[in-house]
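Input: a single structure, listed below in structure tokens.
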Amino acid sequence: MKNPESTFKLRSSVEKLVFSPTLAINERVGHIRKQSHQILHMGFGQSPFPVYPTIQEALRTNADKNMYLPSAGLQELRSLARNYFSEKFGFYTAEFDAIIGPGSKELVFDVQLAVEGDLLLPVPSWVSYAPQASLTNDQLIKIHTSIAENHHITADSLEKAIVAARLEGRNPKKLIINYPNNPSGLTISADRLEQIARVCKKYNILVISDEIYGLVNYQHNHVSIARYYPEGTIVTTGLSKHLSLGGYRLGVALVPVGLRTVFEAMICIASETWSAVSAPVQFAALKAFQEDPNLEEYIQTCTRIHCIISEYVRQTIVALDVHYPELHGAFYLYPSFDNFREKLNKRAVRSSEQLAGDLLDRFQIATLPGTAFGDDPEHLTLRLATCDFDGQAALNYYRDHPDCTSVSFVHACCPNIKLGCRRLTEYFDSLT
């Protein structure tokens, strides 16, 4: 019998795909833990707080909703989500329409699929942006960033990349930015956003602004680039980060009303792929956008806890003589361990992948290498997620100790974070 694999050939755009590194490390950690082995999980960014009670109750109440909803989403939910995020992110509601999708990841992909042209992408950036561009057969135009610039592009670096790409015969038409950022936990100032917006207007670049961490901002002052470039910015966001609802798979895309053809194309893509987001989840999500001071306080409390724990990890990194600026949001760090290069070379560790592997093998710390975020292999960068803690225990402790320090908080209720940081220190100390 003929081997089926010799009969059915994969598309070239699919053949070179690898399983998402973030999902892969999470599944690997889950497998190891099921075997009762200890592992410290700094590889996956899943906010661990419990589902807010009114949203839980709304999901139970709407479990009987078994109808197909419109592909763009429940109309009431679309209106509430548009009003909520435009107010929080600081742009004019009437200039945008909303689409409800199965997570912001799918919506980012749909924009890439709908709009032709090559993708301008900062390095480092979240693991799925570049593979999505490969699936749409768009060329990738990397814009390298530095820790001195908070690992974000500048107007100058963007313009240089656009001009150089055009001289090479390429067609830069889309830019993805994400802030506060995965993998760095750093954001972009309003001044720099305005400067970037001017460059995008000048060269007619569509901005896909992934603001999924906008409400996990430690200063609570997130500003969207849509304020400065409303006609050419599509904002993607959702419920997964600030409300710990990753498994609900509900994302929101805010599309300028002037980009009606893009909006309609995204709805067509939805109609031919995922049809509509689960009806019970959409009805339950109405509670996430209705005025509720207690829910807003809950979001701010969870964000404050993320800040406390992430700062503890940052202090651990800084104590290793690794520079890292004050964090702005999300729950990640992206330190470079290049100052240990000579010592790591003696252990035959010469790339970020080897460094991540060595940490896992020797000290049972799961991290992600910089290569997963588009970085060069020889850069000894790692992404460290700060979510390996019991969310309910953290909430309970914080409510009783609102003025606690990072050290006292982590030592009291985050044993895996404490042990992970201790082992990280022991690992680099062992090099000497």
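Identifiers in the structure tokens: chain A, B, ... in order shown; residue index from 1 per chain; ligand index from 1 in order shown.
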Strand (DSSP E or B) call set, DSSP backbone run, segment 172-326 of chain A, as a ChimeraX atom specification
/A:172-178,206-210,217,233-238,251-256
If you keep N, CA and C atoms, can you produce a file of those selected residues as a short mmCIF file (atom, residue, chain, number, x, y, z; two decimals), in the first residue's frame?
data_model
loop_
_atom_site.label_atom_id
_atom_site.label_comp_id
_atom_site.auth_asym_id
_atom_site.auth_seq_id
_atom_site.Cartn_x
_atom_site.Cartn_y
_atom_site.Cartn_z
N PRO A 172 5.87 47.20 2.07
CA PRO A 172 5.44 47.31 3.47
C PRO A 172 4.10 48.03 3.58
N LYS A 173 3.10 47.33 4.13
CA LYS A 173 1.77 47.93 4.24
C LYS A 173 1.15 47.77 5.63
N LYS A 174 1.70 46.87 6.45
CA LYS A 174 1.11 46.59 7.75
C LYS A 174 2.20 46.65 8.82
N LEU A 175 1.82 47.11 10.00
CA LEU A 175 2.72 47.16 11.15
C LEU A 175 1.96 46.60 12.35
N ILE A 176 2.58 45.68 13.08
CA ILE A 176 2.00 45.21 14.34
C ILE A 176 2.82 45.78 15.50
N ILE A 177 2.11 46.39 16.43
CA ILE A 177 2.74 46.80 17.69
C ILE A 177 1.92 46.22 18.84
N ASN A 178 2.56 46.02 19.97
CA ASN A 178 1.92 45.38 21.13
C ASN A 178 2.50 46.03 22.39
N LEU A 206 -1.01 50.46 7.54
CA LEU A 206 -2.06 50.03 8.45
C LEU A 206 -1.42 49.54 9.75
N VAL A 207 -1.89 50.08 10.87
CA VAL A 207 -1.38 49.64 12.17
C VAL A 207 -2.34 48.62 12.77
N ILE A 208 -1.80 47.46 13.10
CA ILE A 208 -2.55 46.47 13.89
C ILE A 208 -2.00 46.61 15.31
N SER A 209 -2.78 47.23 16.16
CA SER A 209 -2.31 47.56 17.51
C SER A 209 -2.89 46.55 18.49
N ASP A 210 -2.06 45.60 18.90
CA ASP A 210 -2.49 44.55 19.82
C ASP A 210 -2.37 45.09 21.25
N ASN A 217 -1.94 47.49 32.92
CA ASN A 217 -0.97 48.57 32.89
C ASN A 217 -0.78 49.05 34.32
N THR A 233 -5.80 52.59 12.12
CA THR A 233 -5.42 51.68 13.21
C THR A 233 -6.55 50.72 13.51
N ILE A 234 -6.24 49.44 13.52
CA ILE A 234 -7.17 48.42 14.00
C ILE A 234 -6.65 47.95 15.36
N VAL A 235 -7.46 48.12 16.39
CA VAL A 235 -7.08 47.75 17.75
C VAL A 235 -7.64 46.36 18.04
N THR A 236 -6.78 45.47 18.54
CA THR A 236 -7.25 44.17 18.98
C THR A 236 -7.03 44.04 20.48
N THR A 237 -8.00 43.44 21.14
CA THR A 237 -7.92 43.27 22.59
C THR A 237 -8.86 42.13 22.97
N GLY A 238 -9.20 42.03 24.25
CA GLY A 238 -10.07 40.93 24.68
C GLY A 238 -10.14 40.84 26.18
N GLY A 251 -12.24 37.63 21.93
CA GLY A 251 -11.44 38.79 21.56
C GLY A 251 -12.29 39.85 20.90
N VAL A 252 -11.73 41.03 20.80
CA VAL A 252 -12.43 42.17 20.20
C VAL A 252 -11.49 42.87 19.23
N ALA A 253 -11.98 43.14 18.03
CA ALA A 253 -11.26 43.99 17.07
C ALA A 253 -12.07 45.26 16.88
N LEU A 254 -11.40 46.40 17.00
CA LEU A 254 -12.03 47.70 16.78
C LEU A 254 -11.49 48.24 15.46
N VAL A 255 -12.37 48.32 14.48
CA VAL A 255 -11.98 48.64 13.10
C VAL A 255 -12.53 50.02 12.73
N PRO A 256 -11.69 50.90 12.16
CA PRO A 256 -12.17 52.23 11.77
C PRO A 256 -13.36 52.13 10.81
#
Gly30 of chain A surroundings by only C-alpha atoms, 12 Å radius, close-in-sequence under 5 positions cut, as a PyMOL selection string
chain A and resi 23-25+35-41+43-44+366
Resulting file, chosen residues, N, CA and C atoms, as a PDB file, in the first residue's frame:
ATOM      1  N   LEU A  23       2.445  27.623  23.681  1.00  0.00           N
ATOM      2  CA  LEU A  23       1.561  26.488  23.960  1.00  0.00           C
ATOM      3  C   LEU A  23       2.370  25.213  24.177  1.00  0.00           C
ATOM      4  N   ALA A  24       3.463  25.075  23.434  1.00  0.00           N
ATOM      5  CA  ALA A  24       4.291  23.881  23.561  1.00  0.00           C
ATOM      6  C   ALA A  24       4.896  23.771  24.957  1.00  0.00           C
ATOM      7  N   ILE A  25       5.443  24.879  25.473  1.00  0.00           N
ATOM      8  CA  ILE A  25       6.072  24.812  26.800  1.00  0.00           C
ATOM      9  C   ILE A  25       5.013  24.579  27.869  1.00  0.00           C
ATOM     10  N   GLN A  35       3.171  13.857  36.088  1.00  0.00           N
ATOM     11  CA  GLN A  35       4.009  12.752  36.540  1.00  0.00           C
ATOM     12  C   GLN A  35       4.576  13.013  37.935  1.00  0.00           C
ATOM     13  N   SER A  36       4.024  14.048  38.590  1.00  0.00           N
ATOM     14  CA  SER A  36       4.391  14.410  39.967  1.00  0.00           C
ATOM     15  C   SER A  36       5.826  14.891  40.095  1.00  0.00           C
ATOM     16  N   HIS A  37       6.382  15.415  39.004  1.00  0.00           N
ATOM     17  CA  HIS A  37       7.707  16.020  39.069  1.00  0.00           C
ATOM     18  C   HIS A  37       7.560  17.529  39.249  1.00  0.00           C
ATOM     19  N   GLN A  38       8.436  18.087  40.049  1.00  0.00           N
ATOM     20  CA  GLN A  38       8.378  19.532  40.260  1.00  0.00           C
ATOM     21  C   GLN A  38       8.993  20.266  39.085  1.00  0.00           C
ATOM     22  N   ILE A  39       8.311  21.318  38.645  1.00  0.00           N
ATOM     23  CA  ILE A  39       8.867  22.194  37.620  1.00  0.00           C
ATOM     24  C   ILE A  39       8.348  23.596  37.885  1.00  0.00           C
ATOM     25  N   LEU A  40       9.189  24.581  37.686  1.00  0.00           N
ATOM     26  CA  LEU A  40       8.855  25.980  37.947  1.00  0.00           C
ATOM     27  C   LEU A  40       8.563  26.649  36.615  1.00  0.00           C
ATOM     28  N   HIS A  41       7.342  27.136  36.485  1.00  0.00           N
ATOM     29  CA  HIS A  41       6.808  27.509  35.172  1.00  0.00           C
ATOM     30  C   HIS A  41       6.936  29.009  34.928  1.00  0.00           C
ATOM     31  N   GLY A  43       7.337  29.867  31.661  1.00  0.00           N
ATOM     32  CA  GLY A  43       7.268  29.796  30.212  1.00  0.00           C
ATOM     33  C   GLY A  43       5.961  30.231  29.602  1.00  0.00           C
ATOM     34  N   PHE A  44       4.905  30.407  30.400  1.00  0.00           N
ATOM     35  CA  PHE A  44       3.581  30.632  29.819  1.00  0.00           C
ATOM     36  C   PHE A  44       2.864  31.740  30.573  1.00  0.00           C
ATOM     37  N   ALA A 366      11.215  26.319  33.618  1.00  0.00           N
ATOM     38  CA  ALA A 366      10.749  26.426  32.235  1.00  0.00           C
ATOM     39  C   ALA A 366      10.703  27.889  31.824  1.00  0.00           C
TER      40      ALA A 366
END
From the DSSP assignment of the backbone, select every residue of segment 204-395 of chain A that is helix (DSSP H, G or I), and format the answer as a PyMOL selection string.
chain A and resi 225-227+230-232+246-248+260-272+279-289+293-319+338-345+352-363+370-373+391-395
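Near segment 141-150 of chain A, within a cut-off of 8 Å and counting only C-alpha atoms, sit the residues Asp118, Leu119, Leu120, Leu121, Pro122, Val123, Pro124, Gln139, His152, Ile153, Thr154, Ser157, Leu158, Ala161, Ala165, Pro172, Ser184, Leu186, Thr187, Ile188, Tyr324 and Pro325 of chain A, with same-chain residues fewer than 2 positions away left out.
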Could you dump the residues just selected with C-alpha atoms as a CSV table (one decimal), in the first residue's frame?
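Dumped everything to selection-v1.csv:
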chain,number,residue,atom,x,y,z
A,118,ASP,CA,4.4,42.9,3.7
A,119,LEU,CA,4.5,43.1,7.5
A,120,LEU,CA,6.7,45.4,9.5
A,121,LEU,CA,7.4,43.7,12.8
A,122,PRO,CA,9.4,44.7,15.8
A,123,VAL,CA,11.9,42.2,17.2
A,124,PRO,CA,11.3,40.8,19.8
A,139,GLN,CA,7.2,38.9,3.6
A,152,HIS,CA,9.9,49.1,21.0
A,153,ILE,CA,10.3,50.7,17.6
A,154,THR,CA,10.8,54.5,17.2
A,157,SER,CA,13.6,53.1,13.0
A,158,LEU,CA,10.2,52.6,11.5
A,161,ALA,CA,12.7,50.2,7.7
A,165,ALA,CA,12.1,47.9,2.2
A,172,PRO,CA,5.4,47.3,3.5
A,184,SER,CA,9.2,42.6,27.7
A,186,LEU,CA,7.4,47.5,28.7
A,187,THR,CA,5.2,50.0,27.0
A,188,ILE,CA,5.4,52.9,24.5
A,324,TYR,CA,16.3,45.8,33.4
A,325,PRO,CA,14.1,49.0,33.5
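Of the listed residues (A:Ala265, A:Ile299, A:Ala348, A:Ala130), A:Ala130 comes nearest to Gly374 of chain A; the distances count only C-alpha atoms.
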I'd like the neighbourhood of Leu17 of chain A as a count of residues only, where a residue qualifies if any of its atoms comes within 10 Å (using only C-alpha atoms), though same-chain residues fewer than 6 positions away should be ignored.
4
With a cut-off of 12 Å, could you pull out the residues of segment 277-372 of chain A touching segment 56-77 of chain A and give me the nearest pair of atoms for each, distance in Å to one decimal, using only C-alpha atoms, ordered by chain and ascending number, as a Markdown table?
| residue | atom | partner | partner_atom | distance |
| --- | --- | --- | --- | --- |
| A:Val277 | CA | A:Gly73 | CA | 7.1 |
| A:Ser278 | CA | A:Tyr68 | CA | 7.9 |
| A:Ala279 | CA | A:Lys65 | CA | 5.9 |
| A:Pro280 | CA | A:Asn62 | CA | 5.1 |
| A:Val281 | CA | A:Leu59 | CA | 6.4 |
| A:Gln282 | CA | A:Leu74 | CA | 6.9 |
| A:Phe283 | CA | A:Asn62 | CA | 6.6 |
| A:Ala284 | CA | A:Ala58 | CA | 4.7 |
| A:Ala285 | CA | A:Leu77 | CA | 7.4 |
| A:Leu286 | CA | A:Leu77 | CA | 5.7 |
| A:Lys287 | CA | A:Ala58 | CA | 7.3 |
| A:Ala288 | CA | A:Leu77 | CA | 9.5 |
| A:Phe289 | CA | A:Leu77 | CA | 8.0 |
| A:Gln290 | CA | A:Leu77 | CA | 9.6 |
How would the residues just picked look written out with N, CA and C atoms as a compact mmCIF listing (two decimals), in the first residue's frame?
# COMPACT_ATOMS: atom_id res chain seq x y z
N VAL A 277 -18.52 33.27 17.74
CA VAL A 277 -18.05 32.88 19.07
C VAL A 277 -19.21 32.25 19.83
N SER A 278 -18.89 31.30 20.69
CA SER A 278 -19.87 30.59 21.51
C SER A 278 -20.90 31.55 22.11
N ALA A 279 -22.19 31.23 21.92
CA ALA A 279 -23.26 32.11 22.41
C ALA A 279 -23.24 32.27 23.94
N PRO A 280 -23.12 31.19 24.74
CA PRO A 280 -23.08 31.41 26.19
C PRO A 280 -21.94 32.32 26.63
N VAL A 281 -20.78 32.19 25.99
CA VAL A 281 -19.64 33.04 26.35
C VAL A 281 -19.93 34.50 26.00
N GLN A 282 -20.54 34.74 24.85
CA GLN A 282 -20.84 36.13 24.48
C GLN A 282 -21.85 36.76 25.44
N PHE A 283 -22.89 36.03 25.80
CA PHE A 283 -23.87 36.57 26.74
C PHE A 283 -23.24 36.81 28.11
N ALA A 284 -22.38 35.89 28.54
CA ALA A 284 -21.70 36.07 29.83
C ALA A 284 -20.77 37.28 29.79
N ALA A 285 -20.14 37.52 28.63
CA ALA A 285 -19.18 38.62 28.50
C ALA A 285 -19.84 39.99 28.61
N LEU A 286 -21.16 40.06 28.45
CA LEU A 286 -21.83 41.34 28.64
C LEU A 286 -21.50 41.92 30.02
N LYS A 287 -21.36 41.05 31.00
CA LYS A 287 -21.07 41.50 32.36
C LYS A 287 -19.69 42.16 32.47
N ALA A 288 -18.77 41.79 31.56
CA ALA A 288 -17.42 42.34 31.60
C ALA A 288 -17.38 43.80 31.20
N PHE A 289 -18.43 44.29 30.50
CA PHE A 289 -18.41 45.64 29.95
C PHE A 289 -19.49 46.54 30.53
N GLN A 290 -20.32 46.01 31.40
CA GLN A 290 -21.33 46.83 32.05
C GLN A 290 -20.73 47.54 33.25
Which residues, written as JSON, numbers by chain, have at least one atom at most 10 Å from Phe389 of chain A, with only C-alpha atoms counted and residues fewer than 3 positions away on the same chain left out?
{"A": [41, 47, 48, 49, 309, 386, 392, 393, 394, 410, 413, 414, 415, 416, 417, 418]}
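With atom CA of Leu295 of chain A on one side and atom CA of Ala94 of chain A on the other, the separation reads 25.2 Å.
Atom CA of Phe263 of chain A lies 16.4 Å from atom CA of Lys105 of chain A.
Comparing the minimum interatomic distances between Glu353 of chain A and each of A:Leu333, A:Leu107, A:Leu382, A:Leu419, counting only C-alpha atoms, we find that A:Leu382 sits nearest.
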Using only C-alpha atoms, which of A:Pro53, A:Pro293, A:Gly391, A:Gly246 sits nearest Ser104 of chain A?
A:Gly246
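Each of A:Leu239, A:Ala164, A:Val14, A:Ala155 was compared to Ala133 of chain A using only C-alpha atoms, and A:Val14 turns out to be the nearest.
Straight-line separation from atom CA of Leu395 of chain A to atom CA of Lys241 of chain A: 15.9 Å.
Of the listed residues (A:Ile32, A:Leu424, A:Ile305, A:Ile317), A:Leu424 comes nearest to Arg362 of chain A; the distances count only C-alpha atoms.
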